[in-house]
Every structure is written in structure tokens, then in C-alpha cells.
file model_22.csv (CSV, C-alpha atoms)
chain,number,residue,atom,x,y,z
A,17,MET,CA,79.9,-4.6,47.4
A,18,ASP,CA,76.4,-5.1,45.9
A,19,THR,CA,75.7,-3.0,42.8
A,20,PHE,CA,72.0,-2.4,43.9
A,21,SER,CA,70.5,-4.5,41.1
A,22,ALA,CA,67.4,-5.2,43.1
A,23,THR,CA,64.3,-3.1,42.3
A,24,HIS,CA,63.8,-2.0,45.9
A,25,PHE,CA,67.1,-0.1,45.7
A,26,HIS,CA,65.8,2.1,42.9
A,27,ASP,CA,62.1,2.5,43.3
A,28,PRO,CA,60.4,4.0,46.4
A,29,ASP,CA,57.3,1.9,46.0
A,30,ALA,CA,59.3,-1.3,45.6
A,31,ALA,CA,61.3,-0.2,48.7
A,32,ARG,CA,58.2,0.2,50.7
A,33,THR,CA,56.8,-3.2,49.6
A,34,TYR,CA,60.1,-4.8,50.5
A,35,LEU,CA,60.3,-3.2,54.0
A,36,GLN,CA,56.6,-4.1,54.7
A,37,LYS,CA,57.3,-7.8,53.9
A,38,LEU,CA,60.4,-7.7,56.1
A,39,ARG,CA,58.8,-5.9,59.1
A,40,TRP,CA,55.2,-7.3,58.9
A,41,SER,CA,55.9,-10.9,57.8
A,42,GLY,CA,53.5,-12.0,60.6
A,43,GLY,CA,50.8,-9.4,59.9
A,44,ARG,CA,50.6,-5.6,59.8
A,45,VAL,CA,51.2,-4.2,63.2
A,46,CYS,CA,49.9,-0.8,64.5
A,47,PRO,CA,52.9,0.9,66.1
A,48,HIS,CA,50.6,2.9,68.3
A,49,CYS,CA,48.6,0.2,70.1
A,50,GLY,CA,50.3,-3.0,68.9
A,51,VAL,CA,47.3,-4.7,67.4
A,52,VAL,CA,48.0,-7.1,64.5
A,53,ASP,CA,46.1,-7.2,61.2
A,54,HIS,CA,43.4,-4.9,62.3
A,55,SER,CA,44.0,-1.9,60.0
A,56,PHE,CA,43.0,-0.8,56.6
A,57,ALA,CA,44.7,1.2,53.7
A,58,THR,CA,43.8,4.8,53.4
A,59,LYS,CA,43.7,6.9,50.2
A,60,LYS,CA,47.3,7.8,50.7
A,61,ILE,CA,49.8,5.3,49.3
A,62,GLY,CA,51.5,3.4,52.1
A,63,VAL,CA,49.4,4.9,54.9
A,64,TYR,CA,47.2,2.7,57.0
A,65,ARG,CA,44.7,3.4,59.7
A,66,CYS,CA,44.2,1.3,62.8
A,67,ALA,CA,40.7,-0.2,63.0
A,68,GLU,CA,40.7,-0.4,66.8
A,69,LYS,CA,38.1,2.0,68.3
A,70,ALA,CA,40.5,3.1,71.0
A,71,CYS,CA,43.2,3.9,68.5
A,72,ARG,CA,42.2,4.9,65.0
A,73,LYS,CA,45.6,6.4,64.3
A,74,ASP,CA,47.4,6.5,60.9
A,75,PHE,CA,50.7,4.8,60.4
A,76,THR,CA,53.2,3.7,57.8
A,77,VAL,CA,55.9,1.1,57.7
A,78,THR,CA,58.4,3.7,59.1
A,79,THR,CA,56.3,5.0,62.0
A,80,GLY,CA,58.0,4.5,65.3
A,81,THR,CA,61.4,3.7,63.6
A,82,VAL,CA,64.7,5.4,63.0
A,83,MET,CA,63.3,6.4,59.6
A,84,GLU,CA,60.2,8.2,60.9
A,85,SER,CA,59.7,11.8,59.6
A,86,SER,CA,62.6,11.4,57.2
A,87,HIS,CA,62.3,13.2,53.8
A,88,ILE,CA,64.9,11.0,52.2
A,89,ALA,CA,63.4,8.5,49.7
A,90,LEU,CA,62.9,5.0,51.1
A,91,HIS,CA,65.0,3.3,48.4
A,92,LYS,CA,68.0,5.5,49.4
A,93,TRP,CA,67.6,4.4,53.0
A,94,LEU,CA,67.8,0.8,51.8
A,95,GLN,CA,70.9,1.6,49.9
A,96,ALA,CA,72.5,3.3,52.9
A,97,PHE,CA,71.7,0.3,55.1
A,98,SER,CA,73.3,-2.0,52.5
A,99,LEU,CA,76.4,0.2,52.2
A,100,LEU,CA,77.0,0.7,56.0
A,101,THR,CA,76.5,-3.0,56.8
A,102,ALA,CA,78.7,-4.3,54.0
A,103,SER,CA,81.6,-1.9,54.5
A,104,LYS,CA,84.0,-3.8,56.8
A,105,LYS,CA,85.6,-0.7,58.3
A,106,GLY,CA,82.6,1.6,57.9
A,107,MET,CA,81.6,4.3,55.5
A,108,SER,CA,82.0,8.0,56.1
A,109,ALA,CA,79.1,10.4,56.0
A,110,HIS,CA,80.8,12.2,53.2
A,111,GLN,CA,81.0,9.1,51.1
A,112,LEU,CA,77.3,8.4,51.8
A,113,HIS,CA,76.6,12.0,50.8
A,114,ARG,CA,78.4,11.5,47.4
A,115,THR,CA,77.0,8.0,46.7
A,116,LEU,CA,73.4,8.7,47.6
A,117,LYS,CA,73.4,12.3,46.3
A,118,ILE,CA,72.0,13.8,49.5
A,119,THR,CA,73.4,16.6,51.6
A,120,TYR,CA,76.3,15.9,54.0
A,121,LYS,CA,74.2,16.9,56.9
A,122,SER,CA,71.5,14.4,55.9
A,123,ALA,CA,74.0,11.6,55.3
A,124,TRP,CA,75.6,12.2,58.8
A,125,PHE,CA,72.3,12.0,60.5
A,126,MET,CA,71.2,9.0,58.4
A,127,ALA,CA,74.4,7.1,59.4
A,128,HIS,CA,73.7,7.7,63.1
A,129,ARG,CA,70.2,6.5,62.8
A,130,ILE,CA,71.4,3.3,61.1
A,131,ARG,CA,73.9,2.8,63.9
A,132,GLU,CA,70.9,3.0,66.3
A,133,ALA,CA,69.2,0.3,64.4
A,134,MET,CA,72.4,-1.9,64.7
A,135,ARG,CA,72.5,-1.4,68.5
A,136,ALA,CA,71.4,-4.5,70.4
A,137,GLY,CA,68.4,-4.0,72.6
A,138,GLY,CA,67.0,-5.9,75.5
A,139,LEU,CA,68.8,-8.4,77.7
A,140,ALA,CA,71.4,-10.5,75.9
A,141,PRO,CA,72.2,-14.0,77.1
A,142,PRO,CA,75.4,-14.3,79.2
A,143,MET,CA,78.6,-15.2,77.3
A,144,GLY,CA,80.5,-18.4,78.0
A,145,SER,CA,77.4,-20.4,79.1
A,146,GLY,CA,78.3,-24.1,79.4
A,147,GLY,CA,81.9,-23.4,80.1
A,148,GLY,CA,82.8,-21.6,76.9
A,149,ALA,CA,85.9,-19.4,76.6
A,150,VAL,CA,85.3,-15.6,76.7
A,151,GLU,CA,88.1,-13.1,75.9
A,152,VAL,CA,88.1,-9.7,77.7
A,153,ASP,CA,90.4,-6.9,76.8
A,154,GLU,CA,90.5,-3.1,76.6
A,155,THR,CA,91.8,-0.6,74.1
A,156,PHE,CA,92.1,3.1,73.7
A,157,ILE,CA,91.0,5.2,70.7
A,158,GLY,CA,91.2,8.8,69.6
A,159,ARG,CA,91.7,12.0,71.5
A,160,ILE,CA,89.5,14.8,72.8
A,161,LYS,CA,91.3,17.9,71.5
A,162,GLY,CA,91.9,20.6,74.1
A,163,THR,CA,91.0,18.4,77.0
A,164,LYS,CA,93.6,17.6,79.6
A,165,VAL,CA,93.3,14.9,82.2
A,166,ARG,CA,96.3,16.6,83.8
A,167,PRO,CA,99.0,19.0,82.4
A,168,GLY,CA,100.6,17.5,79.4
A,169,VAL,CA,98.3,14.4,79.1
A,170,THR,CA,95.6,14.2,76.5
A,171,HIS,CA,92.7,11.9,77.2
A,172,LYS,CA,91.8,8.9,75.0
A,173,HIS,CA,88.5,7.0,74.9
A,174,ALA,CA,88.7,3.7,76.8
A,175,VAL,CA,86.8,0.7,75.2
A,176,LEU,CA,86.2,-2.6,76.9
A,177,SER,CA,85.2,-5.6,74.6
A,178,LEU,CA,84.2,-9.2,75.3
A,179,ILE,CA,84.0,-11.9,72.7
A,180,ASP,CA,82.5,-15.4,73.1
A,181,ARG,CA,84.7,-17.9,71.2
A,182,ASP,CA,81.8,-20.3,70.7
A,183,THR,CA,79.1,-18.0,69.4
A,184,LYS,CA,81.6,-15.6,67.7
A,185,GLN,CA,79.7,-12.6,69.2
A,186,VAL,CA,81.4,-9.5,70.4
A,187,ARG,CA,80.1,-6.8,72.8
A,188,SER,CA,81.9,-3.5,73.3
A,189,PHE,CA,81.4,-0.8,75.9
A,190,HIS,CA,82.7,2.8,76.3
A,191,ILE,CA,84.1,3.1,79.8
A,192,ASP,CA,85.5,6.1,81.6
A,193,GLU,CA,88.7,4.4,82.5
A,194,ALA,CA,90.3,1.0,82.6
A,195,SER,CA,89.8,0.1,86.2
A,196,ALA,CA,88.3,-2.6,88.3
A,197,SER,CA,85.3,-0.4,89.3
A,198,GLN,CA,84.5,0.2,85.6
A,199,ILE,CA,85.2,-3.3,84.3
A,200,ALA,CA,83.9,-5.7,87.0
A,201,PRO,CA,80.2,-4.7,86.7
A,202,ILE,CA,80.2,-5.1,82.9
A,203,VAL,CA,81.9,-8.5,83.2
A,204,ARG,CA,79.4,-9.7,85.8
A,205,GLU,CA,76.5,-8.6,83.7
A,206,ASN,CA,77.7,-10.2,80.5
A,207,ILE,CA,79.7,-13.3,81.4
A,208,SER,CA,78.3,-16.6,82.8
A,209,LYS,CA,79.7,-17.9,86.0
A,210,GLU,CA,80.5,-21.1,84.1
A,211,ALA,CA,82.7,-19.2,81.6
A,212,ARG,CA,86.5,-19.6,81.2
A,213,MET,CA,87.8,-16.0,81.1
A,214,MET,CA,90.9,-15.1,79.1
A,215,THR,CA,92.6,-11.7,79.7
A,216,ASP,CA,96.0,-10.1,79.7
A,217,GLU,CA,98.0,-9.6,82.9
A,218,ALA,CA,96.2,-6.4,84.0
A,219,LYS,CA,95.5,-6.5,87.8
A,220,TYR,CA,92.0,-5.1,87.5
A,221,TYR,CA,90.8,-8.5,86.1
A,222,THR,CA,92.1,-10.4,89.2
A,223,VAL,CA,89.1,-10.0,91.5
A,224,ILE,CA,86.4,-10.5,88.8
A,225,GLY,CA,88.4,-13.5,87.6
A,226,ARG,CA,87.7,-15.3,90.8
A,227,GLU,CA,83.9,-15.1,90.2
A,228,VAL,CA,84.0,-17.3,87.0
A,229,ALA,CA,84.9,-21.0,86.5
A,230,SER,CA,88.5,-20.2,85.5
A,231,HIS,CA,90.6,-17.2,84.7
A,232,GLU,CA,93.7,-17.6,82.5
A,233,THR,CA,96.1,-14.8,81.6
A,234,VAL,CA,98.9,-14.0,79.2
A,235,ASP,CA,101.6,-11.6,80.0
A,236,HIS,CA,101.9,-9.1,77.1
A,237,SER,CA,104.6,-7.2,79.0
A,238,LYS,CA,106.9,-10.2,78.6
A,239,GLU,CA,105.8,-10.7,74.9
A,240,GLU,CA,103.7,-13.7,75.8
A,241,TRP,CA,100.8,-13.7,73.3
A,242,ALA,CA,99.4,-17.2,73.7
A,243,ARG,CA,99.7,-20.2,76.0
A,244,GLY,CA,97.5,-23.0,74.8
A,245,GLU,CA,93.9,-21.7,74.9
A,246,ALA,CA,95.0,-18.7,76.9
A,247,HIS,CA,95.1,-15.6,74.7
A,248,THR,CA,93.2,-12.5,73.6
A,249,ASN,CA,94.2,-12.7,70.0
A,250,THR,CA,90.6,-12.8,68.7
A,251,LEU,CA,89.9,-9.5,70.3
A,252,GLU,CA,93.2,-8.1,69.0
A,253,GLY,CA,91.9,-8.9,65.5
A,254,TYR,CA,88.6,-7.1,66.2
A,255,PHE,CA,90.4,-4.1,67.7
A,256,SER,CA,92.5,-3.9,64.5
A,257,VAL,CA,89.5,-3.5,62.3
A,258,PHE,CA,87.8,-1.1,64.7
A,259,LYS,CA,90.8,1.2,65.0
A,260,ARG,CA,91.5,1.2,61.2
A,261,GLY,CA,87.9,2.2,60.7
A,262,MET,CA,87.9,4.9,63.3
A,263,LYS,CA,91.2,6.4,62.2
A,264,GLY,CA,91.0,5.8,58.5
A,265,ILE,CA,87.3,6.3,57.7
A,266,TYR,CA,85.7,8.4,60.5
A,267,GLN,CA,88.8,10.3,61.6
A,268,HIS,CA,86.9,12.1,64.4
A,269,CYS,CA,84.5,10.8,66.9
A,270,SER,CA,82.8,12.6,69.7
A,271,GLU,CA,82.9,10.8,73.1
A,272,LYS,CA,79.1,10.9,73.3
A,273,HIS,CA,78.8,9.2,69.9
A,274,LEU,CA,81.3,6.4,70.6
A,275,HIS,CA,78.6,3.9,71.8
A,276,ARG,CA,77.0,4.1,68.4
A,277,TYR,CA,80.2,3.5,66.5
A,278,LEU,CA,80.9,0.5,68.8
A,279,ALA,CA,77.4,-0.8,68.0
A,280,GLU,CA,78.2,-0.5,64.3
A,281,PHE,CA,81.5,-2.5,64.5
A,282,ASP,CA,80.1,-5.0,66.9
A,283,PHE,CA,77.1,-5.7,64.6
A,284,ARG,CA,79.2,-6.2,61.5
A,285,TYR,CA,81.7,-8.4,63.3
A,286,SER,CA,79.0,-10.6,64.9
A,287,ASN,CA,77.3,-10.9,61.5
A,288,ARG,CA,80.3,-11.2,59.3
A,289,SER,CA,80.7,-13.2,56.1
A,290,ALA,CA,83.1,-15.7,57.9
A,291,LEU,CA,80.0,-16.8,59.9
A,292,GLY,CA,78.1,-17.5,56.7
A,293,ILE,CA,76.0,-14.3,56.7
A,294,THR,CA,75.7,-12.6,53.3
A,295,ASP,CA,75.7,-8.8,52.8
A,296,GLY,CA,71.9,-9.0,52.0
A,297,GLU,CA,71.1,-11.0,55.2
A,298,ARG,CA,73.2,-8.6,57.3
A,299,ALA,CA,71.4,-5.5,55.9
A,300,ALA,CA,68.0,-7.2,56.4
A,301,LYS,CA,68.9,-8.0,60.1
A,302,ALA,CA,69.9,-4.3,60.6
A,303,LEU,CA,66.6,-3.3,59.1
A,304,LYS,CA,64.7,-5.4,61.6
A,305,GLY,CA,66.3,-3.4,64.4
A,306,ILE,CA,64.7,-0.1,63.3
A,307,GLN,CA,61.6,-0.4,65.5
A,308,GLY,CA,61.3,1.8,68.5
A,309,LYS,CA,64.6,3.7,68.1
A,310,ARG,CA,63.8,7.3,67.4
A,311,LEU,CA,66.7,9.7,67.1
A,312,THR,CA,66.2,13.4,66.3
A,313,TYR,CA,68.9,15.5,64.6
A,314,ARG,CA,68.9,17.8,67.6
A,315,GLN,CA,69.6,14.8,69.9
A,316,ALA,CA,72.4,13.6,67.6
A,317,TYR,CA,74.1,16.9,66.9
A,318,SER,CA,74.0,18.1,70.5
A,319,GLN,CA,76.1,15.0,71.4
A,320,GLY,CA,79.0,16.1,69.2
A,321,ARG,CA,79.9,17.4,65.8
A,322,PRO,CA,80.0,15.2,62.7
A,323,GLU,CA,83.2,13.3,61.8
A,324,THR,CA,85.6,15.3,59.6
A,325,PRO,CA,84.6,14.9,55.9
A,326,PHE,CA,87.2,13.9,53.4

call {"tool": "encode", "arguments": {"input": "model_22.csv", "output": "C-alpha cells"}}
result
Amino acid sequence: MDTFSATHFHDPDAARTYLQKLRWSGGRVCPHCGVVDHSFATKKIGVYRCAEKACRKDFTVTTGTVMESSHIALHKWLQAFSLLTASKKGMSAHQLHRTLKITYKSAWFMAHRIREAMRAGGLAPPMGSGGGAVEVDETFIGRIKGTKVRPGVTHKHAVLSLIDRDTKQVRSFHIDEASASQIAPIVRENISKEARMMTDEAKYYTVIGREVASHETVDHSKEEWARGEAHTNTLEGYFSVFKRGMKGIYQHCSEKHLHRYLAEFDFRYSNRSALGITDGERAAKALKGIQGKRLTYRQAYSQGRPETPF
């Protein structure tokens, strides 16, 4: 873990300068009208005014981002991005609260906004293009206390993940249940027709498996974990990190927040050190995802209570 030796981790002005260089490397962009390099500095430090006659609005480097309207110092935001992107199994809001010396409520909200920045936006290229192997598997995490699917059965969150063995990228989705109706549309949208799909023996992969170049399975019920290239062991490793983080660090996760936690673990895995990405590069990439992802505290809290502090 970095010890925050860089100046931008300690000084708000240096943090603003760092973020401006990162976000506006191709010229200062007005977040209101999109014009590039047609603005000027106002008397307020860090505040610029668009010079377009139809706009003329003020903005800062955090306008239109997950950091907008935040009263937390910008250098603490950079520390939080560094901490959350470098911690393999995540970092609890309570730990952020203690480390950054901010309130627990602020730390919880800050963490969710950082997860929004990590969340991939736009259309992603299909996995397995060119005949690459793609593993597909599902897992179950947590419980909704007091909720019963039927008498005596508590409901767990179902998660479907796909990993491209060539690009080493993972994509995870919260699904209502492990069924063909839930899984097939996600596979169709994310896997190339040229792909070689690897799954376990679950029957809900059978139909969608006919739509790709090849579909190989392993039978876990017979303790068959690999047969040549046919296996889902890469995803099993990812699920291991994900579950340890969710159970050991976060402990509680509302169903409506699960997509953000999945985005967090997907982001770190797809940008991990084993792929040659440093902690600093990973944090910088997350910071580049802050644009256009507003999240208010009311929106976040209404979707479920914070994870249990410890």
C-alpha cells in the first residue's frame, strides 16, 4: 500500500492541479456545453467560466463528476481512490472513516461514489472475439435477513460472471436467479459468436452454448474440475477473492447496492498487478471514470443501509 508520499495526497491545491492534468490533458473542457479550451479563470481559485456566449457557466474540475458538491477536501478524495483501488479485497467504510479522519456517513457515501467511477460505461467489446476462450459461471453471496423465498429458505444474491482468458477481463452481473431466462441474454450481449465457451454442467447453459463456436463443460458434481482447456478455475479464483471481500470486509450488502460492489471487484481484477498495472495507474484509471456519474446521498441510502462497521 502506498504511503501517500506524493504532494497531491496532502495538499488540496496540489490535488486539484493533479486532477486537472489527468482529466484535461487534451485541453480544459466545459462540462456544461462540451467546448474545449474556451474558458477562463475566475477570481475564485479552481473555478473557470465558459467563454461560449450560449453557455457562460462556471465550473471546476469536479463539476459533473462523482465528487461534485462534496465538502471533503480533494486530497482526501485522492487518498480514498488510492486506498480502494489498491486493497485487493476492498476497504470498509469504517476503515476509510478512521484513515481519512472523516465521518462514517461521509466515508460510506464516498466509497459508493468511487465504486460508481469504477463502473464500466458504454458498450464493451464482445468477449472471445477471434475464437478466444470465455469462462461463464455463477455464484451466490449473502442473505437478505427476514426475507423468505418460501418457508424455511432464505434468499441469497445470485451473481453471474464472465471472464475472457485472452484479455483477462471480467464482467459480473447481479441476476434474480440462476436460470436460462436470466443468463442467456447476458451471454448473448457479452460473448462473441466466435467464442469458445467454458461452463460447468448446469443445464441452463445448454441452449446458449449452441449459439457460440463451441461449448465445453466440466462436471463438478462428479468432481471433474478440468479437462484440458475445459474448466472454470479462473472464475473460481475470482469468486474466492470476491467472497472473502464481501464476507470479511463489507459483511453486509444490500441487494440494490450489489452492482456497485461487483463493479469494484471487477475493476480491480481487470486492472490487477499481475497484468502489469501499478497501484498508481489503477487509481488514475478509476479517476478517469468520474465524469458524468452523479450519485446523491439520498439515492445511495434509499437503496439500502451501509455495511456493518467494525

call {"tool": "atom_distance", "arguments": {"input": "model_22.csv", "atom1": "CA of Glu217 in chain A", "atom2": "CA of His247 in chain A"}}
result
10.6 Å

call {"tool": "residues_near_point", "arguments": {"input": "model_22.csv", "point": "(71.1, -12.7, 77.2)", "cutoff": "10 Å", "atoms": "all atoms listed in the file", "output": "short mmCIF file (atom, residue, chain, number, x, y, z; two decimals) with C-alpha atoms, keeping the file's coordinate frame"}}
result
data_model
loop_
_atom_site.label_atom_id
_atom_site.label_comp_id
_atom_site.auth_asym_id
_atom_site.auth_seq_id
_atom_site.Cartn_x
_atom_site.Cartn_y
_atom_site.Cartn_z
CA GLY A 138 67.00 -5.90 75.50
CA LEU A 139 68.80 -8.40 77.70
CA ALA A 140 71.40 -10.50 75.90
CA PRO A 141 72.20 -14.00 77.10
CA PRO A 142 75.40 -14.30 79.20
CA MET A 143 78.60 -15.20 77.30
CA GLU A 205 76.50 -8.60 83.70
CA ASN A 206 77.70 -10.20 80.50
CA ILE A 207 79.70 -13.30 81.40
CA SER A 208 78.30 -16.60 82.80
#

call {"tool": "closest_residue", "arguments": {"input": "model_22.csv", "among": "A:Phe97, A:Phe189, A:Phe255, A:Tyr221", "to": "Asp295 in chain A", "atoms": "all atoms listed in the file"}}
result
A:Phe97

call {"tool": "residues_near_point", "arguments": {"input": "model_22.csv", "point": "(87.5, 5.1, 57.5)", "cutoff": "7 Å", "atoms": "all atoms listed in the file", "output": "count of residues only"}}
result
12

call {"tool": "atom_distance", "arguments": {"input": "model_22.csv", "atom1": "CA of Lys59 in chain A", "atom2": "CA of Ala30 in chain A"}}
result
18.2 Å

call {"tool": "atom_distance", "arguments": {"input": "model_22.csv", "atom1": "CA of Ala96 in chain A", "atom2": "CA of Gly43 in chain A"}}
result
26.1 Å

call {"tool": "residues_around", "arguments": {"input": "model_22.csv", "residues": "range 171-175 of chain A", "least_positions_apart": "4", "cutoff": "6 Å", "atoms": "all atoms listed in the file", "output": "list in words"}}
result
Glu154, Thr155, Phe156, Ile157, Gly158, Arg159, Val165, Phe189, His190, Ile191 and Glu193 of chain A

call {"tool": "residues_around", "arguments": {"input": "model_22.csv", "residues": "range 178-182 of chain A", "least_positions_apart": "2", "cutoff": "9 Å", "atoms": "only C-alpha atoms", "output": "number ranges by chain"}}
result
A: 143-144, 148-154, 176, 184-189, 203, 206-207, 250-251

call {"tool": "closest_residue", "arguments": {"input": "model_22.csv", "among": "A:Thr215, A:Thr183, A:Ser195, A:Thr101", "to": "Trp241 in chain A", "atoms": "all atoms listed in the file"}}
result
A:Thr215

call {"tool": "residues_around", "arguments": {"input": "model_22.csv", "residues": "range 71-79 of chain A", "least_positions_apart": "5", "cutoff": "9 Å", "atoms": "all atoms listed in the file", "output": "ChimeraX atom specification"}}
result
/A:32,35-36,39-40,44-49,55,58,62-66,84-86,306-308

call {"tool": "residues_around", "arguments": {"input": "model_22.csv", "residues": "Gly42 in chain A", "least_positions_apart": "6", "cutoff": "12 Å", "atoms": "all atoms listed in the file", "output": "MDAnalysis selection string"}}
result
chainID A and resid 36 51:53
